[in-house]
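A short worksheet on the structure shown next.
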Amino acid sequence: MANTTSAKKATRKIARRTAVNKARRSRVRGFIRKVEEAIASGDLAVATEALRAAQPEIQRAATRGVLHGNTASRKVSRLAQRVKALSA
């Protein structure tokens, strides 16, 4: 358990930050799920629109440090690849 005042404050800050990051991560997962559901249904228009909404959300998570930049890019790339395959 934290003993010093600064350690107690750090614990409070970490708890707040963890809650914010958890919410952001959950939000990103929701956007990704919408894209994957659209891909599974085979609807190109819906999948394209869902990807267009998910892409900035994923990149924003990377900017905020919730996801690593390369991880965000990889997720967007793989989703885009799967959406593109629907049109073929």
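Residue names in the structure tokens use chain letters A, B, ... in the order shown, residue numbers from 1 in each chain, and ligand numbers from 1 in the order shown.
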Problem set entry | Residues near Ala88 of chain A, cut-off 12 Å, only C-alpha atoms, skip fewer than 5 positions along chain, as an MDAnalysis selection string | chainID A and resid 42 44 81:83
Those same residues - N, CA, C and O atoms - I'd like them written as a PDB file, in the first residue's frame.
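Saved file out.pdb follows:
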ATOM      1  N   GLY A  42     -21.944  -9.782 -45.394  1.00  0.00           N
ATOM      2  CA  GLY A  42     -21.641  -9.707 -46.825  1.00  0.00           C
ATOM      3  C   GLY A  42     -22.127  -8.428 -47.492  1.00  0.00           C
ATOM      4  O   GLY A  42     -22.129  -8.327 -48.719  1.00  0.00           O
ATOM      5  N   LEU A  44     -21.448  -4.958 -48.657  1.00  0.00           N
ATOM      6  CA  LEU A  44     -20.285  -4.110 -48.950  1.00  0.00           C
ATOM      7  C   LEU A  44     -20.520  -2.671 -48.508  1.00  0.00           C
ATOM      8  O   LEU A  44     -19.631  -2.048 -47.918  1.00  0.00           O
ATOM      9  N   GLN A  81      -8.636  -4.756 -45.917  1.00  0.00           N
ATOM     10  CA  GLN A  81      -8.370  -5.879 -46.825  1.00  0.00           C
ATOM     11  C   GLN A  81      -9.600  -6.788 -46.919  1.00  0.00           C
ATOM     12  O   GLN A  81      -9.998  -7.200 -48.009  1.00  0.00           O
ATOM     13  N   ARG A  82     -10.223  -7.064 -45.778  1.00  0.00           N
ATOM     14  CA  ARG A  82     -11.402  -7.927 -45.754  1.00  0.00           C
ATOM     15  C   ARG A  82     -12.612  -7.258 -46.403  1.00  0.00           C
ATOM     16  O   ARG A  82     -13.395  -7.920 -47.088  1.00  0.00           O
ATOM     17  N   VAL A  83     -12.748  -5.947 -46.214  1.00  0.00           N
ATOM     18  CA  VAL A  83     -13.853  -5.220 -46.853  1.00  0.00           C
ATOM     19  C   VAL A  83     -13.651  -5.201 -48.357  1.00  0.00           C
ATOM     20  O   VAL A  83     -14.597  -5.415 -49.130  1.00  0.00           O
TER      21      VAL A  83
END
For this session: Write out as JSON, numbers by chain which residues come within 9 Å of segment 66-78 of chain A when counting only C-alpha atoms, dropping same-chain ones fewer than 5 positions away.
Result: {"A": [21, 22, 24, 25, 32, 51, 54, 55, 58, 59, 60, 61, 83]}
Just the selected residues (N, CA, C and O atoms), exported as a tab-separated table (two decimals), in the first residue's frame, please.
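Saved to selection-v1.tsv:
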chain	number	residue	atom	x	y	z
A	21	ASN	N	-8.88	4.75	-20.18
A	21	ASN	CA	-8.33	3.87	-21.21
A	21	ASN	C	-9.23	2.66	-21.45
A	21	ASN	O	-9.38	2.21	-22.58
A	22	LYS	N	-9.83	2.14	-20.39
A	22	LYS	CA	-10.73	0.99	-20.52
A	22	LYS	C	-11.93	1.37	-21.38
A	22	LYS	O	-12.36	0.61	-22.25
A	24	ARG	N	-12.05	3.79	-23.63
A	24	ARG	CA	-11.59	3.99	-25.01
A	24	ARG	C	-11.38	2.66	-25.73
A	24	ARG	O	-11.74	2.50	-26.89
A	25	ARG	N	-10.75	1.71	-25.03
A	25	ARG	CA	-10.49	0.40	-25.62
A	25	ARG	C	-11.81	-0.29	-25.96
A	25	ARG	O	-11.95	-0.90	-27.03
A	32	ILE	N	-14.86	-1.95	-34.18
A	32	ILE	CA	-14.29	-3.08	-34.92
A	32	ILE	C	-15.34	-4.18	-35.09
A	32	ILE	O	-15.47	-4.77	-36.17
A	51	LEU	N	-16.29	0.71	-41.70
A	51	LEU	CA	-14.82	0.88	-41.71
A	51	LEU	C	-14.47	2.35	-41.70
A	51	LEU	O	-13.53	2.76	-41.00
A	54	ALA	N	-14.82	3.44	-38.22
A	54	ALA	CA	-13.90	2.80	-37.28
A	54	ALA	C	-12.47	3.32	-37.42
A	54	ALA	O	-11.74	3.41	-36.43
A	55	GLN	N	-12.07	3.64	-38.64
A	55	GLN	CA	-10.68	4.01	-38.89
A	55	GLN	C	-10.20	5.19	-38.03
A	55	GLN	O	-9.19	5.06	-37.34
A	58	ILE	N	-9.88	4.11	-34.32
A	58	ILE	CA	-8.71	3.27	-34.04
A	58	ILE	C	-7.45	4.12	-34.00
A	58	ILE	O	-6.61	3.98	-33.09
A	59	GLN	N	-7.31	5.03	-34.95
A	59	GLN	CA	-6.12	5.90	-34.98
A	59	GLN	C	-6.08	6.83	-33.77
A	59	GLN	O	-5.02	7.12	-33.23
A	60	ARG	N	-7.25	7.29	-33.34
A	60	ARG	CA	-7.32	8.15	-32.16
A	60	ARG	C	-6.85	7.40	-30.92
A	60	ARG	O	-6.15	7.94	-30.06
A	61	ALA	N	-7.23	6.13	-30.83
A	61	ALA	CA	-6.79	5.30	-29.70
A	61	ALA	C	-5.27	5.18	-29.70
A	61	ALA	O	-4.64	5.20	-28.64
A	83	VAL	N	-12.75	-5.95	-46.21
A	83	VAL	CA	-13.85	-5.22	-46.85
A	83	VAL	C	-13.65	-5.20	-48.36
A	83	VAL	O	-14.60	-5.41	-49.13
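Using only C-alpha atoms, the shortest contact distance between Ala62 of chain A and any of A:Ala10, A:Ala45, A:Val28, A:Ala38 is found at A:Val28.
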Exercise. Quick one: distance from atom CA of Arg33 of chain A to atom CA of Gly65 of chain A in Å, one decimal?
Worked result: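 Atom CA of Gly65 of chain A lies at a distance of 20.6 Å from atom CA of Arg33 of chain A.
Put simply, atom CA of Val46 of chain A is 11.2 Å away from atom CA of Leu86 of chain A.
Nearest to Asp43 of chain A of all the residues A:Lys9, A:Arg17, A:Arg64, A:Lys84 is A:Lys84, based on only C-alpha atoms.
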Problem set entry | 10 Å contact set for Thr11 of chain A, only C-alpha atoms, chain neighbours under 6 positions out, as a PyMOL selection string | chain A and resi 1-2+5+17
Selected residues written out with N, CA and C atoms, as a PDB file, in the first residue's frame:
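Okay, result14.pdb is ready:
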ATOM      1  N   MET A   1       0.841  -1.190   0.000  1.00  0.00           N
ATOM      2  CA  MET A   1       0.000   0.000   0.000  1.00  0.00           C
ATOM      3  C   MET A   1       0.878   1.243   0.000  1.00  0.00           C
ATOM      4  N   ALA A   2       0.400   2.283  -0.703  1.00  0.00           N
ATOM      5  CA  ALA A   2       1.162   3.524  -0.814  1.00  0.00           C
ATOM      6  C   ALA A   2       1.238   4.231   0.545  1.00  0.00           C
ATOM      7  N   THR A   5       2.547  10.726   0.358  1.00  0.00           N
ATOM      8  CA  THR A   5       1.467  11.506  -0.254  1.00  0.00           C
ATOM      9  C   THR A   5       1.532  11.425  -1.768  1.00  0.00           C
ATOM     10  N   ARG A  17      -6.894   7.179 -14.991  1.00  0.00           N
ATOM     11  CA  ARG A  17      -6.375   6.939 -16.338  1.00  0.00           C
ATOM     12  C   ARG A  17      -6.794   5.550 -16.825  1.00  0.00           C
TER      13      ARG A  17
END
